[in-house]
$ cat upload-v4.cif   # mmCIF, C-alpha atoms
data_upload
loop_
_atom_site.label_atom_id
_atom_site.label_comp_id
_atom_site.auth_asym_id
_atom_site.auth_seq_id
_atom_site.Cartn_x
_atom_site.Cartn_y
_atom_site.Cartn_z
CA MET A 1231 -55.64 -8.68 143.94
CA PHE A 1232 -52.42 -9.81 143.53
CA PRO A 1233 -49.99 -13.21 142.30
CA LEU A 1234 -47.60 -15.41 144.20
CA ARG A 1235 -43.86 -15.35 143.86
CA ARG A 1236 -41.98 -18.29 145.43
CA LEU A 1237 -38.44 -18.06 146.77
CA PHE A 1238 -36.25 -20.45 144.76
CA LEU A 1239 -32.85 -21.78 145.76
CA ASN A 1240 -30.84 -24.18 143.60
CA PRO A 1241 -29.43 -26.89 145.86
CA ILE A 1242 -25.61 -26.95 146.10
CA MET A 1243 -23.97 -30.38 146.26
CA ALA A 1244 -20.74 -30.56 148.29
CA LEU A 1245 -18.33 -33.31 147.22
CA ALA A 1246 -15.13 -34.16 149.18
CA LEU A 1247 -12.42 -35.95 147.23
CA VAL A 1248 -9.66 -37.40 149.39
CA ALA A 1249 -6.56 -38.96 147.76
CA PRO A 1250 -4.76 -41.56 149.94
CA LEU A 1251 -1.09 -40.94 150.57
CA GLY A 1252 1.53 -43.74 150.57
CA ALA A 1253 5.29 -43.86 151.12
CA SER A 1254 7.71 -46.34 149.57
CA ALA A 1255 11.47 -46.77 149.40
CA GLN A 1256 13.27 -48.55 146.57
CA THR A 1257 16.69 -50.09 147.51
CA SER A 1258 18.66 -53.21 146.66
CA GLU A 1259 18.11 -54.45 150.17
CA PRO A 1260 14.71 -55.20 151.58
CA ALA A 1261 13.28 -52.25 153.33
CA ALA A 1262 13.42 -52.36 157.05
CA PRO A 1263 10.02 -52.47 158.65
CA SER A 1264 8.93 -49.05 159.83
CA SER A 1265 8.23 -48.54 163.45
CA GLN A 1266 5.24 -46.38 162.40
CA ALA A 1267 2.34 -48.12 160.65
CA THR A 1268 1.25 -46.73 157.28
CA PRO A 1269 -2.16 -45.08 157.66
CA ALA A 1270 -5.04 -46.79 155.88
CA PRO A 1271 -6.62 -44.91 152.98
CA SER A 1272 -9.36 -42.64 154.25
CA GLU A 1273 -12.91 -43.29 153.13
CA PRO A 1274 -14.56 -40.70 150.90
CA GLU A 1275 -16.81 -38.37 152.83
CA PRO A 1276 -20.52 -38.87 152.15
CA GLU A 1277 -22.22 -36.37 149.88
CA ALA A 1278 -23.95 -33.53 151.67
CA ALA A 1279 -27.71 -33.75 151.44
CA PRO A 1280 -29.13 -30.91 149.33
CA ALA A 1281 -31.24 -28.32 151.07
CA ASN A 1282 -34.86 -28.99 150.23
CA GLN A 1283 -36.84 -25.79 150.30
CA ASP A 1284 -39.93 -27.60 149.01
CA ASP A 1285 -40.56 -29.13 152.43
CA GLU A 1286 -41.52 -25.75 153.86
CA TRP A 1287 -44.51 -23.47 153.40
CA HIS A 1288 -43.59 -20.00 152.11
CA VAL A 1289 -46.25 -17.45 153.08
CA GLN A 1290 -46.77 -13.99 151.60
CA VAL A 1291 -49.20 -11.27 152.71
CA THR A 1292 -50.09 -8.47 150.27
CA PRO A 1293 -52.30 -5.49 151.19
CA PHE A 1294 -53.17 -3.50 148.07
CA ALA A 1295 -55.19 -0.60 146.73
CA TRP A 1296 -57.09 -0.76 143.44
CA LEU A 1297 -58.39 2.39 141.75
CA PRO A 1298 -60.53 1.15 138.85
CA LYS A 1299 -62.82 2.86 136.42
CA THR A 1300 -66.21 1.12 136.69
CA ARG A 1301 -68.84 0.61 134.03
CA LEU A 1302 -72.02 -0.68 135.63
CA ASN A 1303 -75.38 -1.68 134.18
CA VAL A 1304 -77.91 -2.92 136.75
CA SER A 1305 -81.55 -3.89 136.23
CA TYR A 1306 -83.95 -4.94 138.96
CA GLY A 1307 -87.59 -5.40 138.05
CA ASP A 1308 -88.59 -2.71 135.58
CA ARG A 1309 -85.96 -0.25 136.80
CA SER A 1310 -82.41 0.05 135.58
CA LEU A 1311 -79.30 1.96 136.49
CA ASN A 1312 -76.36 2.75 134.21
CA ARG A 1313 -73.29 4.33 135.76
CA GLU A 1314 -69.71 5.04 134.84
CA ILE A 1315 -67.53 5.77 137.84
CA THR A 1316 -64.05 7.21 137.33
CA PRO A 1317 -61.26 6.66 139.89
CA SER A 1318 -61.55 10.29 141.05
CA GLN A 1319 -65.31 9.89 141.57
CA ALA A 1320 -64.77 6.62 143.39
CA ILE A 1321 -62.33 8.31 145.78
CA SER A 1322 -64.73 11.19 146.46
CA ASP A 1323 -67.69 8.81 146.97
CA LEU A 1324 -65.73 6.22 148.93
CA GLN A 1325 -66.97 5.56 152.44
CA PHE A 1326 -64.78 2.58 153.28
CA ALA A 1327 -62.57 0.07 151.48
CA VAL A 1328 -60.18 -2.75 152.32
CA ALA A 1329 -58.30 -5.21 150.09
CA GLY A 1330 -55.61 -7.83 150.54
CA GLN A 1331 -54.21 -11.22 149.60
CA ILE A 1332 -52.52 -14.08 151.45
CA ALA A 1333 -50.72 -16.84 149.57
CA ALA A 1334 -48.74 -19.93 150.56
CA GLN A 1335 -46.51 -22.18 148.47
CA LYS A 1336 -45.04 -25.60 149.26
CA GLY A 1337 -43.17 -27.31 146.46
CA PRO A 1338 -45.33 -27.16 143.33
CA TRP A 1339 -48.57 -26.68 145.30
CA GLY A 1340 -50.01 -23.32 146.28
CA ILE A 1341 -53.12 -21.84 147.89
CA THR A 1342 -54.28 -18.23 147.65
CA GLY A 1343 -57.04 -16.24 149.32
CA GLU A 1344 -57.91 -12.63 148.60
CA GLY A 1345 -60.70 -10.19 149.24
CA LEU A 1346 -61.97 -6.71 148.47
CA TYR A 1347 -64.75 -4.64 150.02
CA ALA A 1348 -65.82 -1.14 148.96
CA ASN A 1349 -68.71 1.07 150.04
CA LEU A 1350 -69.69 4.08 147.86
CA ALA A 1351 -72.27 6.82 148.44
CA ASP A 1352 -73.25 9.64 146.08
CA ASP A 1353 -75.89 12.36 146.54
CA VAL A 1354 -77.65 13.57 143.38
CA GLN A 1355 -79.65 16.71 142.63
CA PHE A 1356 -81.33 17.32 139.27
CA ARG A 1357 -84.04 19.94 138.85
CA ASN A 1358 -86.82 18.86 141.23
CA VAL A 1359 -85.36 15.40 141.81
CA SER A 1360 -83.05 14.70 144.74
CA GLY A 1361 -81.75 11.50 146.19
CA SER A 1362 -78.80 9.28 146.96
CA LEU A 1363 -77.09 6.38 145.25
CA ARG A 1364 -75.41 3.97 147.61
CA SER A 1365 -73.67 0.75 146.68
CA ASN A 1366 -71.32 -1.77 148.17
CA MET A 1367 -69.29 -4.54 146.58
CA THR A 1368 -67.61 -7.58 148.14
CA LEU A 1369 -65.29 -9.90 146.21
CA LEU A 1370 -63.70 -12.97 147.78
CA GLN A 1371 -61.55 -15.49 145.93
CA ALA A 1372 -60.02 -18.79 147.05
CA SER A 1373 -57.90 -20.87 144.70
CA GLY A 1374 -55.37 -23.67 144.54
CA SER A 1375 -52.49 -23.86 142.09
CA TYR A 1376 -49.97 -26.32 140.70
CA ARG A 1377 -46.57 -25.22 139.37
CA PHE A 1378 -45.90 -26.79 135.97
CA LEU A 1379 -42.65 -24.93 135.32
CA ASP A 1380 -39.97 -23.45 137.58
CA GLU A 1381 -36.68 -22.61 135.89
CA ASP A 1382 -34.23 -19.81 136.73
CA GLY A 1383 -36.95 -17.84 138.50
CA PHE A 1384 -39.49 -18.21 135.68
CA THR A 1385 -42.66 -19.93 136.90
CA LEU A 1386 -45.92 -21.06 135.32
CA ASP A 1387 -48.87 -22.16 137.48
CA GLY A 1388 -52.28 -23.59 136.68
CA VAL A 1389 -55.04 -22.15 138.90
CA ALA A 1390 -58.53 -23.36 139.82
CA GLY A 1391 -60.88 -21.98 142.46
CA LEU A 1392 -64.01 -20.05 143.38
CA ARG A 1393 -64.87 -16.33 143.33
CA PHE A 1394 -67.70 -14.92 145.48
CA TYR A 1395 -69.53 -11.71 144.54
CA ASP A 1396 -71.92 -9.64 146.62
CA PHE A 1397 -73.49 -6.41 145.39
CA GLY A 1398 -75.83 -4.22 147.39
CA PHE A 1399 -77.75 -1.14 146.20
CA ASN A 1400 -79.74 1.34 148.25
CA ASN A 1401 -81.13 4.09 146.04
CA SER A 1402 -83.58 6.72 147.24
CA PHE A 1403 -85.14 9.54 145.14
CA THR A 1404 -87.75 12.22 145.80
CA ARG A 1405 -89.52 14.39 143.21
CA ASP A 1406 -91.29 17.48 144.50
CA GLY A 1407 -94.35 18.41 142.43
CA ILE A 1408 -96.80 21.28 142.72
CA ILE A 1409 -99.46 19.13 144.38
CA PHE A 1410 -97.67 16.05 145.69
CA THR A 1411 -94.32 14.55 146.55
CA GLN A 1412 -93.43 11.26 144.92
CA SER A 1413 -90.80 9.04 146.50
CA PHE A 1414 -88.99 6.01 145.19
CA ASP A 1415 -86.90 3.77 147.40
CA ALA A 1416 -85.14 0.58 146.33
CA ARG A 1417 -82.95 -1.75 148.33
CA ARG A 1418 -81.58 -4.70 146.43
CA SER A 1419 -78.69 -7.06 146.94
CA ARG A 1420 -77.47 -10.15 145.17
CA SER A 1421 -74.63 -12.60 145.70
CA TRP A 1422 -73.32 -15.59 143.77
CA VAL A 1423 -70.27 -17.83 143.35
CA ASP A 1424 -68.31 -18.52 140.15
CA PRO A 1425 -65.96 -21.43 139.50
CA LEU A 1426 -62.80 -20.29 137.72
CA ILE A 1427 -59.74 -21.63 135.94
CA GLY A 1428 -56.64 -19.68 134.95
CA LEU A 1429 -52.88 -19.30 134.63
CA ARG A 1430 -50.29 -17.38 136.63
CA SER A 1431 -46.68 -16.64 135.73
CA THR A 1432 -43.65 -14.83 137.13
CA ILE A 1433 -41.05 -13.47 134.69
CA PRO A 1434 -37.80 -12.32 136.33
CA PHE A 1435 -35.70 -9.52 134.78
CA ASN A 1436 -32.97 -9.66 137.41
CA LYS A 1437 -32.71 -10.37 141.13
CA ASP A 1438 -34.67 -7.20 141.98
CA PHE A 1439 -37.32 -6.77 139.25
CA ASN A 1440 -39.98 -9.15 137.98
CA LEU A 1441 -43.30 -9.17 136.16
CA ASN A 1442 -46.28 -11.13 137.54
CA LEU A 1443 -49.05 -12.08 135.11
CA TYR A 1444 -52.46 -13.54 135.98
CA GLY A 1445 -55.60 -14.37 134.01
CA ASP A 1446 -58.74 -16.45 134.55
CA VAL A 1447 -62.21 -17.10 133.18
CA GLY A 1448 -65.20 -18.34 135.14
CA GLY A 1449 -68.93 -18.50 135.64
CA PHE A 1450 -69.84 -20.93 132.88
CA GLY A 1451 -73.52 -20.46 133.75
CA VAL A 1452 -73.04 -21.83 137.28
CA GLY A 1453 -73.02 -18.33 138.78
CA SER A 1454 -72.32 -15.66 136.19
CA ASP A 1455 -73.03 -16.29 132.55
CA PHE A 1456 -69.38 -15.36 132.09
CA SER A 1457 -66.70 -13.70 134.21
CA TRP A 1458 -63.03 -12.90 133.71
CA ARG A 1459 -60.03 -11.34 135.37
CA ALA A 1460 -56.63 -10.18 134.07
CA GLN A 1461 -53.68 -8.61 135.85
CA ALA A 1462 -50.09 -7.51 135.13
CA VAL A 1463 -47.99 -6.32 138.08
CA PHE A 1464 -44.33 -5.29 138.27
CA GLY A 1465 -42.53 -6.22 141.49
CA TYR A 1466 -39.42 -4.66 143.04
CA ASN A 1467 -37.62 -6.51 145.84
CA VAL A 1468 -36.72 -3.95 148.48
CA SER A 1469 -35.25 -6.74 150.61
CA ASP A 1470 -35.52 -10.49 151.04
CA ALA A 1471 -38.69 -9.94 153.06
CA VAL A 1472 -40.46 -7.01 151.31
CA SER A 1473 -41.33 -6.17 147.72
CA LEU A 1474 -43.30 -3.28 146.19
CA ASN A 1475 -45.91 -3.87 143.48
CA LEU A 1476 -47.34 -1.63 140.77
CA GLY A 1477 -49.51 -2.73 137.87
CA TYR A 1478 -52.90 -2.87 136.18
CA SER A 1479 -55.90 -5.06 136.97
CA ALA A 1480 -59.25 -5.69 135.26
CA LEU A 1481 -62.34 -7.68 136.24
CA GLY A 1482 -65.72 -8.19 134.60
CA ALA A 1483 -68.85 -10.31 134.85
CA ARG A 1484 -72.35 -10.75 133.41
CA TYR A 1485 -75.02 -12.16 135.73
CA GLN A 1486 -78.78 -12.54 135.45
CA GLN A 1487 -81.42 -14.20 137.60
CA GLY A 1488 -85.21 -14.14 137.67
CA SER A 1489 -87.64 -12.41 135.35
CA GLY A 1490 -90.33 -9.77 135.38
CA ALA A 1491 -90.63 -8.01 138.72
CA ASN A 1492 -88.03 -10.40 140.19
CA LEU A 1493 -85.42 -9.73 137.51
CA PHE A 1494 -81.91 -8.94 138.65
CA LYS A 1495 -79.30 -8.34 135.98
CA ILE A 1496 -75.84 -6.87 136.30
CA ASP A 1497 -73.09 -6.33 133.76
CA PHE A 1498 -69.95 -4.63 135.04
CA THR A 1499 -66.32 -4.02 134.16
CA ASN A 1500 -63.64 -2.66 136.50
CA TYR A 1501 -60.19 -1.74 135.21
CA GLY A 1502 -57.42 0.44 136.57
CA PRO A 1503 -54.06 0.70 138.38
CA VAL A 1504 -53.23 -1.39 141.42
CA ILE A 1505 -50.49 -0.75 143.99
CA GLY A 1506 -49.39 -2.78 146.98
CA ALA A 1507 -46.61 -4.32 149.04
CA THR A 1508 -45.78 -7.98 149.63
CA PHE A 1509 -44.41 -9.19 152.97
CA LYS A 1510 -42.73 -12.60 152.91
CA LEU A 1511 -43.15 -14.35 156.24
#
$ encode --input "upload-v4.cif" --output "structure tokens"
Amino acid sequence: MFPLRRLFLNPIMALALVAPLGASAQTSEPAAPSSQATPAPSEPEPEAAPANQDDEWHVQVTPFAWLPKTRLNVSYGDRSLNREITPSQAISDLQFAVAGQIAAQKGPWGITGEGLYANLADDVQFRNVSGSLRSNMTLLQASGSYRFLDEDGFTLDGVAGLRFYDFGFNNSFTRDGIIFTQSFDARRSRSWVDPLIGLRSTIPFNKDFNLNLYGDVGGFGVGSDFSWRAQAVFGYNVSDAVSLNLGYSALGARYQQGSGANLFKIDFTNYGPVIGATFKL
């Protein structure tokens, strides 16, 4: 959905300084030898090895809900569909949805996987035309990252990966005339994969609040002609193991394949609030 925040602990170096103790007596006569030998100076204790958190994988799991407004323009063959779906309409039309992210960080290296699936259905009735509009969308993203900067909780990562799209449409309409009934039924689906590059950053305000920023661009004609994603999410650490997230996310893409009767073209933009919780394992 949503960005990776790594636990960071500055190593503490323990140093032991031991000063040797000696006893001496100054008299005009030579000092009598002591029956107790003077202890040899103690050796300095070795420095404690710093704790190295970078040798461990830190895993986070984030289920989230995204309520975007959708602008959709789809063409298949000589037919086209233009829709604008508000969050309230999406909730009323929603049949099923699931979304989540899992991320792992070890030293400067990170890997992230996330996915979203939504199934919408809407019945329409206009004059003598009746029918249904059904659609489903699947988004899967896998990426690797490298941390260029990590200082006092502020992080900056470079991101590269792949994003998979799958759109399915099942639209059925019937027009009742005086003499005949005309039906139109269309089932189309399309899937593709975009390469992507981007940046991710965490900006801490204090030990409890932070802001997570993410942005990428992709497609480059390999899958989409162009795709993009941007996200800003505030995080609140409820405990060392759980944080709550609230922010805004946007995603868009332009894709076209084929021509004539085999044309499939889609141009969409999703943008809206996102809410979730992160569990640090």
$ residues_around --input "upload-v4.cif" --residues "Pro1317 (chain A)" --least-positions-apart "3" --cutoff "8 Å" --atoms "all atoms listed in the file" --output "number ranges by chain"
A: 1297-1299, 1320-1321
$ residues_around --input "upload-v4.cif" --residues "Ala1351 (chain A)" --least-positions-apart "2" --cutoff "12 Å" --atoms "all atoms listed in the file" --output "PyMOL selection string"
chain A and resi 1315+1319-1326+1348-1349+1353-1354+1361-1367+1398-1402
$ closest_residue --input "upload-v4.cif" --among "A:Val1463, A:Asp1387, A:Asn1312, A:Ala1327" --to "Trp1339 (chain A)" --atoms "only C-alpha atoms"
A:Asp1387
$ atom_distance --input "upload-v4.cif" --atom1 "CA of Arg1484 (chain A)" --atom2 "CA of Gly1506 (chain A)"
27.8 Å
$ atom_distance --input "upload-v4.cif" --atom1 "CA of Arg1420 (chain A)" --atom2 "CA of Leu1392 (chain A)"
16.8 Å
$ decode --input "upload-v4.cif" --residues "region 1432-1444 of chain A" --atoms "all heavy atoms" --output "PDB file, in the first residue's frame"
ATOM      1  N   THR A1432      11.452   8.064   5.369  1.00  0.00           N
ATOM      2  CA  THR A1432      10.787   8.188   6.663  1.00  0.00           C
ATOM      3  C   THR A1432      11.325   9.437   7.363  1.00  0.00           C
ATOM      4  O   THR A1432      12.541   9.605   7.491  1.00  0.00           O
ATOM      5  CB  THR A1432      11.030   6.957   7.545  1.00  0.00           C
ATOM      6  OG1 THR A1432      10.453   5.806   6.919  1.00  0.00           O
ATOM      7  CG2 THR A1432      10.405   7.146   8.920  1.00  0.00           C
ATOM      8  N   ILE A1433      10.405  10.307   7.798  1.00  0.00           N
ATOM      9  CA  ILE A1433      10.771  11.541   8.489  1.00  0.00           C
ATOM     10  C   ILE A1433      10.208  11.471   9.902  1.00  0.00           C
ATOM     11  O   ILE A1433       8.990  11.504  10.087  1.00  0.00           O
ATOM     12  CB  ILE A1433      10.215  12.773   7.751  1.00  0.00           C
ATOM     13  CG1 ILE A1433      10.700  12.795   6.295  1.00  0.00           C
ATOM     14  CG2 ILE A1433      10.609  14.053   8.473  1.00  0.00           C
ATOM     15  CD1 ILE A1433      10.061  13.868   5.454  1.00  0.00           C
ATOM     16  N   PRO A1434      11.070  11.346  10.924  1.00  0.00           N
ATOM     17  CA  PRO A1434      10.561  11.257  12.297  1.00  0.00           C
ATOM     18  C   PRO A1434      10.290  12.653  12.875  1.00  0.00           C
ATOM     19  O   PRO A1434      11.047  13.590  12.646  1.00  0.00           O
ATOM     20  CB  PRO A1434      11.712  10.571  13.041  1.00  0.00           C
ATOM     21  CG  PRO A1434      12.935  11.000  12.294  1.00  0.00           C
ATOM     22  CD  PRO A1434      12.529  11.171  10.848  1.00  0.00           C
ATOM     23  N   PHE A1435       9.190  12.783  13.639  1.00  0.00           N
ATOM     24  CA  PHE A1435       8.901  14.005  14.380  1.00  0.00           C
ATOM     25  C   PHE A1435       9.340  13.858  15.833  1.00  0.00           C
ATOM     26  O   PHE A1435       9.854  14.786  16.432  1.00  0.00           O
ATOM     27  CB  PHE A1435       7.420  14.337  14.300  1.00  0.00           C
ATOM     28  CG  PHE A1435       6.941  14.572  12.896  1.00  0.00           C
ATOM     29  CD1 PHE A1435       5.938  13.784  12.338  1.00  0.00           C
ATOM     30  CD2 PHE A1435       7.494  15.568  12.113  1.00  0.00           C
ATOM     31  CE1 PHE A1435       5.490  13.995  11.044  1.00  0.00           C
ATOM     32  CE2 PHE A1435       7.055  15.784  10.811  1.00  0.00           C
ATOM     33  CZ  PHE A1435       6.053  15.001  10.276  1.00  0.00           C
ATOM     34  N   ASN A1436       9.097  12.697  16.389  1.00  0.00           N
ATOM     35  CA  ASN A1436       9.569  12.329  17.723  1.00  0.00           C
ATOM     36  C   ASN A1436       9.544  10.810  17.780  1.00  0.00           C
ATOM     37  O   ASN A1436       9.399  10.145  16.750  1.00  0.00           O
ATOM     38  CB  ASN A1436       8.711  12.973  18.824  1.00  0.00           C
ATOM     39  CG  ASN A1436       7.227  12.710  18.633  1.00  0.00           C
ATOM     40  OD1 ASN A1436       6.822  11.578  18.350  1.00  0.00           O
ATOM     41  ND2 ASN A1436       6.406  13.744  18.791  1.00  0.00           N
ATOM     42  N   LYS A1437       9.675  10.239  18.979  1.00  0.00           N
ATOM     43  CA  LYS A1437       9.760   8.786  19.079  1.00  0.00           C
ATOM     44  C   LYS A1437       8.440   8.098  18.744  1.00  0.00           C
ATOM     45  O   LYS A1437       8.418   6.885  18.471  1.00  0.00           O
ATOM     46  CB  LYS A1437      10.210   8.372  20.476  1.00  0.00           C
ATOM     47  CG  LYS A1437       9.232   8.699  21.589  1.00  0.00           C
ATOM     48  CD  LYS A1437       9.794   8.305  22.940  1.00  0.00           C
ATOM     49  CE  LYS A1437       8.791   8.558  24.074  1.00  0.00           C
ATOM     50  NZ  LYS A1437       7.594   7.715  23.961  1.00  0.00           N
ATOM     51  N   ASP A1438       7.332   8.845  18.725  1.00  0.00           N
ATOM     52  CA  ASP A1438       6.023   8.242  18.482  1.00  0.00           C
ATOM     53  C   ASP A1438       5.454   8.531  17.094  1.00  0.00           C
ATOM     54  O   ASP A1438       4.722   7.709  16.544  1.00  0.00           O
ATOM     55  CB  ASP A1438       5.018   8.711  19.536  1.00  0.00           C
ATOM     56  CG  ASP A1438       5.344   8.190  20.919  1.00  0.00           C
ATOM     57  OD1 ASP A1438       5.860   7.059  21.012  1.00  0.00           O
ATOM     58  OD2 ASP A1438       5.089   8.914  21.900  1.00  0.00           O
ATOM     59  N   PHE A1439       5.740   9.710  16.516  1.00  0.00           N
ATOM     60  CA  PHE A1439       5.134  10.107  15.252  1.00  0.00           C
ATOM     61  C   PHE A1439       6.182  10.198  14.148  1.00  0.00           C
ATOM     62  O   PHE A1439       7.302  10.655  14.372  1.00  0.00           O
ATOM     63  CB  PHE A1439       4.435  11.472  15.392  1.00  0.00           C
ATOM     64  CG  PHE A1439       3.183  11.428  16.208  1.00  0.00           C
ATOM     65  CD1 PHE A1439       3.224  11.719  17.560  1.00  0.00           C
ATOM     66  CD2 PHE A1439       1.964  11.099  15.631  1.00  0.00           C
ATOM     67  CE1 PHE A1439       2.077  11.691  18.334  1.00  0.00           C
ATOM     68  CE2 PHE A1439       0.809  11.062  16.398  1.00  0.00           C
ATOM     69  CZ  PHE A1439       0.869  11.365  17.749  1.00  0.00           C
ATOM     70  N   ASN A1440       5.757   9.778  12.936  1.00  0.00           N
ATOM     71  CA  ASN A1440       6.630   9.909  11.781  1.00  0.00           C
ATOM     72  C   ASN A1440       5.790  10.045  10.518  1.00  0.00           C
ATOM     73  O   ASN A1440       4.581   9.775  10.520  1.00  0.00           O
ATOM     74  CB  ASN A1440       7.582   8.706  11.666  1.00  0.00           C
ATOM     75  CG  ASN A1440       6.831   7.392  11.573  1.00  0.00           C
ATOM     76  OD1 ASN A1440       6.202   7.080  10.578  1.00  0.00           O
ATOM     77  ND2 ASN A1440       6.886   6.591  12.647  1.00  0.00           N
ATOM     78  N   LEU A1441       6.433  10.476   9.461  1.00  0.00           N
ATOM     79  CA  LEU A1441       5.796  10.621   8.154  1.00  0.00           C
ATOM     80  C   LEU A1441       6.555   9.756   7.166  1.00  0.00           C
ATOM     81  O   LEU A1441       7.781   9.856   7.042  1.00  0.00           O
ATOM     82  CB  LEU A1441       5.818  12.082   7.695  1.00  0.00           C
ATOM     83  CG  LEU A1441       5.320  12.354   6.270  1.00  0.00           C
ATOM     84  CD1 LEU A1441       3.848  11.982   6.128  1.00  0.00           C
ATOM     85  CD2 LEU A1441       5.538  13.822   5.900  1.00  0.00           C
ATOM     86  N   ASN A1442       5.819   8.880   6.447  1.00  0.00           N
ATOM     87  CA  ASN A1442       6.405   7.994   5.453  1.00  0.00           C
ATOM     88  C   ASN A1442       5.981   8.447   4.062  1.00  0.00           C
ATOM     89  O   ASN A1442       4.780   8.553   3.775  1.00  0.00           O
ATOM     90  CB  ASN A1442       5.952   6.552   5.692  1.00  0.00           C
ATOM     91  CG  ASN A1442       6.383   6.028   7.041  1.00  0.00           C
ATOM     92  OD1 ASN A1442       7.549   5.707   7.240  1.00  0.00           O
ATOM     93  ND2 ASN A1442       5.453   5.966   7.990  1.00  0.00           N
ATOM     94  N   LEU A1443       6.954   8.727   3.214  1.00  0.00           N
ATOM     95  CA  LEU A1443       6.706   9.193   1.853  1.00  0.00           C
ATOM     96  C   LEU A1443       7.182   8.147   0.847  1.00  0.00           C
ATOM     97  O   LEU A1443       8.227   7.514   1.053  1.00  0.00           O
ATOM     98  CB  LEU A1443       7.430  10.514   1.597  1.00  0.00           C
ATOM     99  CG  LEU A1443       7.089  11.678   2.524  1.00  0.00           C
ATOM    100  CD1 LEU A1443       7.982  12.877   2.222  1.00  0.00           C
ATOM    101  CD2 LEU A1443       5.617  12.053   2.408  1.00  0.00           C
ATOM    102  N   TYR A1444       6.416   7.986  -0.236  1.00  0.00           N
ATOM    103  CA  TYR A1444       6.782   7.033  -1.286  1.00  0.00           C
ATOM    104  C   TYR A1444       6.339   7.572  -2.636  1.00  0.00           C
ATOM    105  O   TYR A1444       5.260   8.152  -2.767  1.00  0.00           O
ATOM    106  CB  TYR A1444       6.121   5.668  -1.040  1.00  0.00           C
ATOM    107  CG  TYR A1444       6.399   4.673  -2.145  1.00  0.00           C
ATOM    108  CD1 TYR A1444       7.530   3.868  -2.108  1.00  0.00           C
ATOM    109  CD2 TYR A1444       5.548   4.560  -3.233  1.00  0.00           C
ATOM    110  CE1 TYR A1444       7.797   2.964  -3.126  1.00  0.00           C
ATOM    111  CE2 TYR A1444       5.802   3.665  -4.260  1.00  0.00           C
ATOM    112  CZ  TYR A1444       6.930   2.866  -4.196  1.00  0.00           C
ATOM    113  OH  TYR A1444       7.198   1.985  -5.220  1.00  0.00           O
TER     114      TYR A1444
END
